[in-house]
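Contents: one structure, followed by commentary.
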Amino acid sequence: MAIFFNEEFYGHVQDPFHPESPERLRGIVQKLKAHDLWGDVRASKMGQRAHLELVHDRDYIDFIETCGECSLTMDTRVHHETYAIAALSAECAIDAVRFSKESGKPALAMTRPPGHHSGQNYGMGFCYFNNISIAAKYLLKNGDRKIAIVDLDVHHGNGTEQIFASDPQVLYISTHQMGIFPGTGNVDFVGKGEGKGFNFNMPFPSGCGDSTYDVAYSDFLKPVLEQFDPDAILVSLGVDNHYRDPLASLSLSSDGHVRQVKSLLELAKSCRNRVTFMLEGGYDVPSLAEVVAGAYGAMQGIEVPLDFMDMIDNSCLGRNVIERCKRNASEYWDL
Ligand SMILES: [Zn+2]
């Protein structure tokens, strides 16, 4: 087990009151230290342009590097230091998957800024370079043949979907909230061209929580991932699906979230424990911190006590969405 983290990530400040703040990482680090989990922490060297080019257009990379002070969207600003820190975040993702491949152990990449909304030639939604996609492309370039990306963030990973929509070597499965930013992630989109049957979306209505995620895992994620039989699993670990999160309205508890992590760790035993969790969103710092600590504890078989458990959803409100996703997928997978 190892944590991949750079102090430089604290230097990324879009605006003084921006929700994607350095306090998010400070809260996680503090919590990991409080539970004696801040042990094997590894820093990456500077970002490499060649790695960014695995996914992004040269013109787009040039723009982020040279624009100085500008805005990609209203909530995604570029400052002079943004390029170096965002490139380092992508490098952090690569170092984490490389560690997992070499050691046969899970890894946690504290990637900041996040990445899953960034596409081949655009950034948005607090994201500049798509860390998880860059790491997946890196693995494919270095001998792997099949990578699964599981996106637990409450927002759809539109960038990741766009990058791999036509690629049968990458299976992308996203659970997210229906009808919020960025507006993509329709349940009926299953990929295009050769990538058909390798992209699945479960857009859950507001209020869905633990029980919906448990069924999504047991009835969809587990059987599809087992059949896909990936070389490695990469996870977009967003914690903004938590009931305390201020930017969305799903209702996962801390335990419900950590249970998803444990399930994925169990599943990864069939691919030599090659599973890497990469930070995406999560804007309520206390719940973000305890879920990430719970996740990293789970990687080591340590139970971290969880406080935010007073909303346990048993309604399985998202069952219809899961059923529809299963129907769409049954054309390609045995479900
Ligand atoms: Zn998010």
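Residue numbering restarts at 1 for every chain of the structure tokens, chains are lettered A, B, ... in their displayed order, and ligands are numbered from 1 as they appear.
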
#### Entry: Nearby polymer residues, ligand 1, at most 12 Å, only C-alpha atoms and all ligand atoms, as a ChimeraX atom specification
/A:19-20,113-117,124-127,151-158,174-177,180-182,236-242,245-250,279-284,288

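Contact shell of Ala135 in chain A at 6 Å (only C-alpha atoms; same-chain neighbours under 3 positions omitted): Ala93, Ile94, Ile132 and Tyr138 of chain A.
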
### Message
What's around Gln169 in chain A at 9 Å? Count only C-alpha atoms, leave out sequence neighbours fewer than 3 positions away in its own chain, and write the answer as JSON, numbers by chain.
### Response
{"A": [140, 145, 146, 147, 148, 164, 195, 198, 230]}

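Distances from A:Val304, A:Ala295, A:Leu335, A:Ala289 to Pro106 in chain A were compared using only C-alpha atoms, and the smallest one belongs to A:Ala295.
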
### Task
Extract the full set of helix (DSSP H, G or I) residues from range 74-294 of chain A according to DSSP on the backbone, and format it as a ChimeraX atom specification.
/A:82-103,131-141,158-164,193-195,210-228,254-271,285-294

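When only C-alpha atoms are used to measure the gap to Ile322 in chain A, the shortest distance among A:Tyr213, A:Phe308, A:Tyr296, A:Tyr243 belongs to A:Tyr213.
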
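Excluding Ser211 in chain A itself and any same-chain residue fewer than 4 positions from it, the protein and nucleic acid residues within 12 Å of it, counting only C-alpha atoms, are Phe204, Gly207, Val215, Ala216, Tyr217, Ser218, Asp219, Leu250, Ser251, Leu252, Ser253, Asp255, Gly256, His257, Arg259, Gln260, Met311, Ile312, Asp313, Asn314, Ser315, Cys316, Leu317, Gly318, Arg319 and Ile322 of chain A.
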
Kindly save the residues from that selection, with N, CA and C atoms included, as an mmCIF file, in the first residue's frame.
data_model
loop_
_atom_site.group_PDB
_atom_site.id
_atom_site.type_symbol
_atom_site.label_atom_id
_atom_site.label_comp_id
_atom_site.auth_asym_id
_atom_site.auth_seq_id
_atom_site.Cartn_x
_atom_site.Cartn_y
_atom_site.Cartn_z
ATOM 1 N N PHE A 204 -28.432 8.283 -11.220
ATOM 2 C CA PHE A 204 -29.408 8.068 -10.157
ATOM 3 C C PHE A 204 -30.169 9.345 -9.819
ATOM 4 N N GLY A 207 -31.403 11.727 -3.961
ATOM 5 C CA GLY A 207 -31.826 10.970 -2.782
ATOM 6 C C GLY A 207 -31.271 9.563 -2.717
ATOM 7 N N VAL A 215 -26.809 -2.389 -4.653
ATOM 8 C CA VAL A 215 -27.417 -3.175 -5.742
ATOM 9 C C VAL A 215 -26.674 -2.921 -7.056
ATOM 10 N N ALA A 216 -26.278 -1.681 -7.286
ATOM 11 C CA ALA A 216 -25.511 -1.368 -8.506
ATOM 12 C C ALA A 216 -24.244 -2.218 -8.540
ATOM 13 N N TYR A 217 -23.629 -2.391 -7.378
ATOM 14 C CA TYR A 217 -22.415 -3.193 -7.332
ATOM 15 C C TYR A 217 -22.718 -4.673 -7.584
ATOM 16 N N SER A 218 -23.659 -5.215 -6.803
ATOM 17 C CA SER A 218 -23.884 -6.664 -6.879
ATOM 18 C C SER A 218 -24.519 -7.096 -8.201
ATOM 19 N N ASP A 219 -25.441 -6.250 -8.740
ATOM 20 C CA ASP A 219 -26.173 -6.661 -9.941
ATOM 21 C C ASP A 219 -25.518 -6.201 -11.245
ATOM 22 N N LEU A 250 -27.204 13.260 -3.709
ATOM 23 C CA LEU A 250 -27.331 11.836 -3.403
ATOM 24 C C LEU A 250 -27.103 11.684 -1.891
ATOM 25 N N SER A 251 -27.242 10.474 -1.363
ATOM 26 C CA SER A 251 -27.257 10.381 0.100
ATOM 27 C C SER A 251 -26.422 9.222 0.644
ATOM 28 N N LEU A 252 -25.288 8.977 0.012
ATOM 29 C CA LEU A 252 -24.438 7.893 0.493
ATOM 30 C C LEU A 252 -23.876 8.236 1.884
ATOM 31 N N SER A 253 -23.854 7.231 2.771
ATOM 32 C CA SER A 253 -23.208 7.436 4.075
ATOM 33 C C SER A 253 -21.721 7.102 3.933
ATOM 34 N N ASP A 255 -20.114 4.840 5.591
ATOM 35 C CA ASP A 255 -19.960 3.386 5.550
ATOM 36 C C ASP A 255 -20.358 2.840 4.171
ATOM 37 N N GLY A 256 -21.442 3.396 3.597
ATOM 38 C CA GLY A 256 -21.878 2.966 2.269
ATOM 39 C C GLY A 256 -20.779 3.191 1.248
ATOM 40 N N HIS A 257 -20.066 4.306 1.401
ATOM 41 C CA HIS A 257 -18.989 4.611 0.461
ATOM 42 C C HIS A 257 -17.812 3.657 0.645
ATOM 43 N N ARG A 259 -17.863 0.778 1.855
ATOM 44 C CA ARG A 259 -18.261 -0.562 1.423
ATOM 45 C C ARG A 259 -18.000 -0.756 -0.077
ATOM 46 N N GLN A 260 -18.234 0.288 -0.868
ATOM 47 C CA GLN A 260 -17.939 0.202 -2.308
ATOM 48 C C GLN A 260 -16.444 -0.038 -2.531
ATOM 49 N N MET A 311 -27.591 8.928 8.023
ATOM 50 C CA MET A 311 -28.579 8.833 6.949
ATOM 51 C C MET A 311 -28.278 7.549 6.175
ATOM 52 N N ILE A 312 -28.973 6.496 6.507
ATOM 53 C CA ILE A 312 -28.754 5.217 5.828
ATOM 54 C C ILE A 312 -29.973 4.964 4.937
ATOM 55 N N ASP A 313 -29.756 4.996 3.640
ATOM 56 C CA ASP A 313 -30.868 4.831 2.702
ATOM 57 C C ASP A 313 -31.126 3.352 2.422
ATOM 58 N N ASN A 314 -32.372 2.931 2.643
ATOM 59 C CA ASN A 314 -32.742 1.534 2.361
ATOM 60 C C ASN A 314 -33.757 1.416 1.236
ATOM 61 N N SER A 315 -34.025 2.529 0.554
ATOM 62 C CA SER A 315 -35.162 2.550 -0.374
ATOM 63 C C SER A 315 -34.835 1.984 -1.757
ATOM 64 N N CYS A 316 -33.573 1.903 -2.077
ATOM 65 C CA CYS A 316 -33.125 1.497 -3.412
ATOM 66 C C CYS A 316 -33.892 2.236 -4.513
ATOM 67 N N LEU A 317 -33.937 3.557 -4.350
ATOM 68 C CA LEU A 317 -34.618 4.426 -5.309
ATOM 69 C C LEU A 317 -34.082 4.300 -6.736
ATOM 70 N N GLY A 318 -32.828 3.886 -6.861
ATOM 71 C CA GLY A 318 -32.220 3.843 -8.187
ATOM 72 C C GLY A 318 -32.395 2.521 -8.922
ATOM 73 N N ARG A 319 -33.256 1.639 -8.386
ATOM 74 C CA ARG A 319 -33.366 0.295 -8.964
ATOM 75 C C ARG A 319 -33.742 0.329 -10.456
ATOM 76 N N ILE A 322 -30.750 1.008 -12.586
ATOM 77 C CA ILE A 322 -29.859 -0.157 -12.655
ATOM 78 C C ILE A 322 -30.446 -1.202 -13.617
#

Can you build me a table of range 158-207 of chain A residues sitting at most 12 Å from range 54-65 of chain A, with the closest atom pair per residue and its distance in Å to one decimal, using only C-alpha atoms, sorted by chain and residue number, as a tab-separated table?
residue	atom	partner	partner_atom	distance
A:Gly159	CA	A:Val55	CA	10.3
A:Thr160	CA	A:Val55	CA	9.9
A:Gln162	CA	A:Val55	CA	10.7
A:Ile163	CA	A:Val55	CA	7.4
A:Phe164	CA	A:Val55	CA	9.9

Compile the contact shell of Leu267 in chain A as a PDB file with N, CA and C atoms, in the first residue's frame: residues with an atom at most 12 Å away, counting only C-alpha atoms, same-chain residues fewer than 6 positions apart removed.
ATOM      1  N   PRO A 106      -2.741  -2.387  -3.770  1.00  0.00           N
ATOM      2  CA  PRO A 106      -3.564  -1.218  -4.094  1.00  0.00           C
ATOM      3  C   PRO A 106      -2.806   0.087  -3.808  1.00  0.00           C
ATOM      4  N   ALA A 148     -10.171  -1.284 -16.553  1.00  0.00           N
ATOM      5  CA  ALA A 148     -11.521  -0.875 -16.136  1.00  0.00           C
ATOM      6  C   ALA A 148     -11.430   0.415 -15.339  1.00  0.00           C
ATOM      7  N   TYR A 217     -23.629  -2.391  -7.378  1.00  0.00           N
ATOM      8  CA  TYR A 217     -22.415  -3.193  -7.332  1.00  0.00           C
ATOM      9  C   TYR A 217     -22.718  -4.673  -7.584  1.00  0.00           C
ATOM     10  N   SER A 218     -23.659  -5.215  -6.803  1.00  0.00           N
ATOM     11  CA  SER A 218     -23.884  -6.664  -6.879  1.00  0.00           C
ATOM     12  C   SER A 218     -24.519  -7.096  -8.201  1.00  0.00           C
ATOM     13  N   LEU A 221     -21.953  -3.888 -11.524  1.00  0.00           N
ATOM     14  CA  LEU A 221     -20.495  -3.716 -11.548  1.00  0.00           C
ATOM     15  C   LEU A 221     -19.740  -5.041 -11.401  1.00  0.00           C
ATOM     16  N   LYS A 222     -20.143  -5.828 -10.414  1.00  0.00           N
ATOM     17  CA  LYS A 222     -19.399  -7.072 -10.139  1.00  0.00           C
ATOM     18  C   LYS A 222     -19.456  -8.027 -11.335  1.00  0.00           C
ATOM     19  N   PRO A 223     -20.662  -8.383 -11.825  1.00  0.00           N
ATOM     20  CA  PRO A 223     -20.678  -9.338 -12.954  1.00  0.00           C
ATOM     21  C   PRO A 223     -19.993  -8.811 -14.214  1.00  0.00           C
ATOM     22  N   VAL A 224     -20.156  -7.527 -14.520  1.00  0.00           N
ATOM     23  CA  VAL A 224     -19.537  -7.004 -15.753  1.00  0.00           C
ATOM     24  C   VAL A 224     -18.014  -6.949 -15.605  1.00  0.00           C
ATOM     25  N   LEU A 225     -17.559  -6.487 -14.437  1.00  0.00           N
ATOM     26  CA  LEU A 225     -16.103  -6.419 -14.234  1.00  0.00           C
ATOM     27  C   LEU A 225     -15.486  -7.822 -14.229  1.00  0.00           C
ATOM     28  N   GLU A 226     -16.173  -8.787 -13.650  1.00  0.00           N
ATOM     29  CA  GLU A 226     -15.639 -10.161 -13.641  1.00  0.00           C
ATOM     30  C   GLU A 226     -15.507 -10.703 -15.062  1.00  0.00           C
ATOM     31  N   GLN A 227     -16.506 -10.420 -15.888  1.00  0.00           N
ATOM     32  CA  GLN A 227     -16.445 -10.923 -17.262  1.00  0.00           C
ATOM     33  C   GLN A 227     -15.402 -10.175 -18.096  1.00  0.00           C
ATOM     34  N   PHE A 228     -15.266  -8.870 -17.840  1.00  0.00           N
ATOM     35  CA  PHE A 228     -14.274  -8.080 -18.595  1.00  0.00           C
ATOM     36  C   PHE A 228     -12.855  -8.542 -18.238  1.00  0.00           C
ATOM     37  N   ASP A 229     -12.676  -8.951 -16.963  1.00  0.00           N
ATOM     38  CA  ASP A 229     -11.400  -9.499 -16.511  1.00  0.00           C
ATOM     39  C   ASP A 229     -10.222  -8.556 -16.808  1.00  0.00           C
ATOM     40  N   PRO A 230     -10.243  -7.353 -16.207  1.00  0.00           N
ATOM     41  CA  PRO A 230      -9.223  -6.347 -16.551  1.00  0.00           C
ATOM     42  C   PRO A 230      -7.841  -6.678 -16.004  1.00  0.00           C
ATOM     43  N   ASP A 231      -6.830  -6.048 -16.593  1.00  0.00           N
ATOM     44  CA  ASP A 231      -5.476  -6.139 -16.042  1.00  0.00           C
ATOM     45  C   ASP A 231      -5.351  -5.275 -14.792  1.00  0.00           C
ATOM     46  N   ALA A 232      -6.132  -4.184 -14.755  1.00  0.00           N
ATOM     47  CA  ALA A 232      -6.100  -3.291 -13.591  1.00  0.00           C
ATOM     48  C   ALA A 232      -7.424  -2.538 -13.515  1.00  0.00           C
ATOM     49  N   ILE A 233      -7.787  -2.164 -12.283  1.00  0.00           N
ATOM     50  CA  ILE A 233      -8.984  -1.350 -12.064  1.00  0.00           C
ATOM     51  C   ILE A 233      -8.531   0.013 -11.556  1.00  0.00           C
ATOM     52  N   GLN A 260     -18.234   0.288  -0.868  1.00  0.00           N
ATOM     53  CA  GLN A 260     -17.939   0.202  -2.308  1.00  0.00           C
ATOM     54  C   GLN A 260     -16.444  -0.038  -2.531  1.00  0.00           C
ATOM     55  N   VAL A 261     -15.651   0.686  -1.750  1.00  0.00           N
ATOM     56  CA  VAL A 261     -14.194   0.536  -1.867  1.00  0.00           C
ATOM     57  C   VAL A 261     -13.779  -0.889  -1.524  1.00  0.00           C
ATOM     58  N   ASN A 273      -4.520  -7.621  -7.259  1.00  0.00           N
ATOM     59  CA  ASN A 273      -4.691  -6.433  -6.396  1.00  0.00           C
ATOM     60  C   ASN A 273      -4.329  -5.124  -7.093  1.00  0.00           C
ATOM     61  N   ARG A 274      -4.391  -5.151  -8.406  1.00  0.00           N
ATOM     62  CA  ARG A 274      -4.041  -3.925  -9.120  1.00  0.00           C
ATOM     63  C   ARG A 274      -5.249  -2.994  -9.183  1.00  0.00           C
ATOM     64  N   VAL A 275      -5.433  -2.248  -8.112  1.00  0.00           N
ATOM     65  CA  VAL A 275      -6.514  -1.268  -8.080  1.00  0.00           C
ATOM     66  C   VAL A 275      -5.955   0.034  -7.516  1.00  0.00           C
TER      67      VAL A 275
END
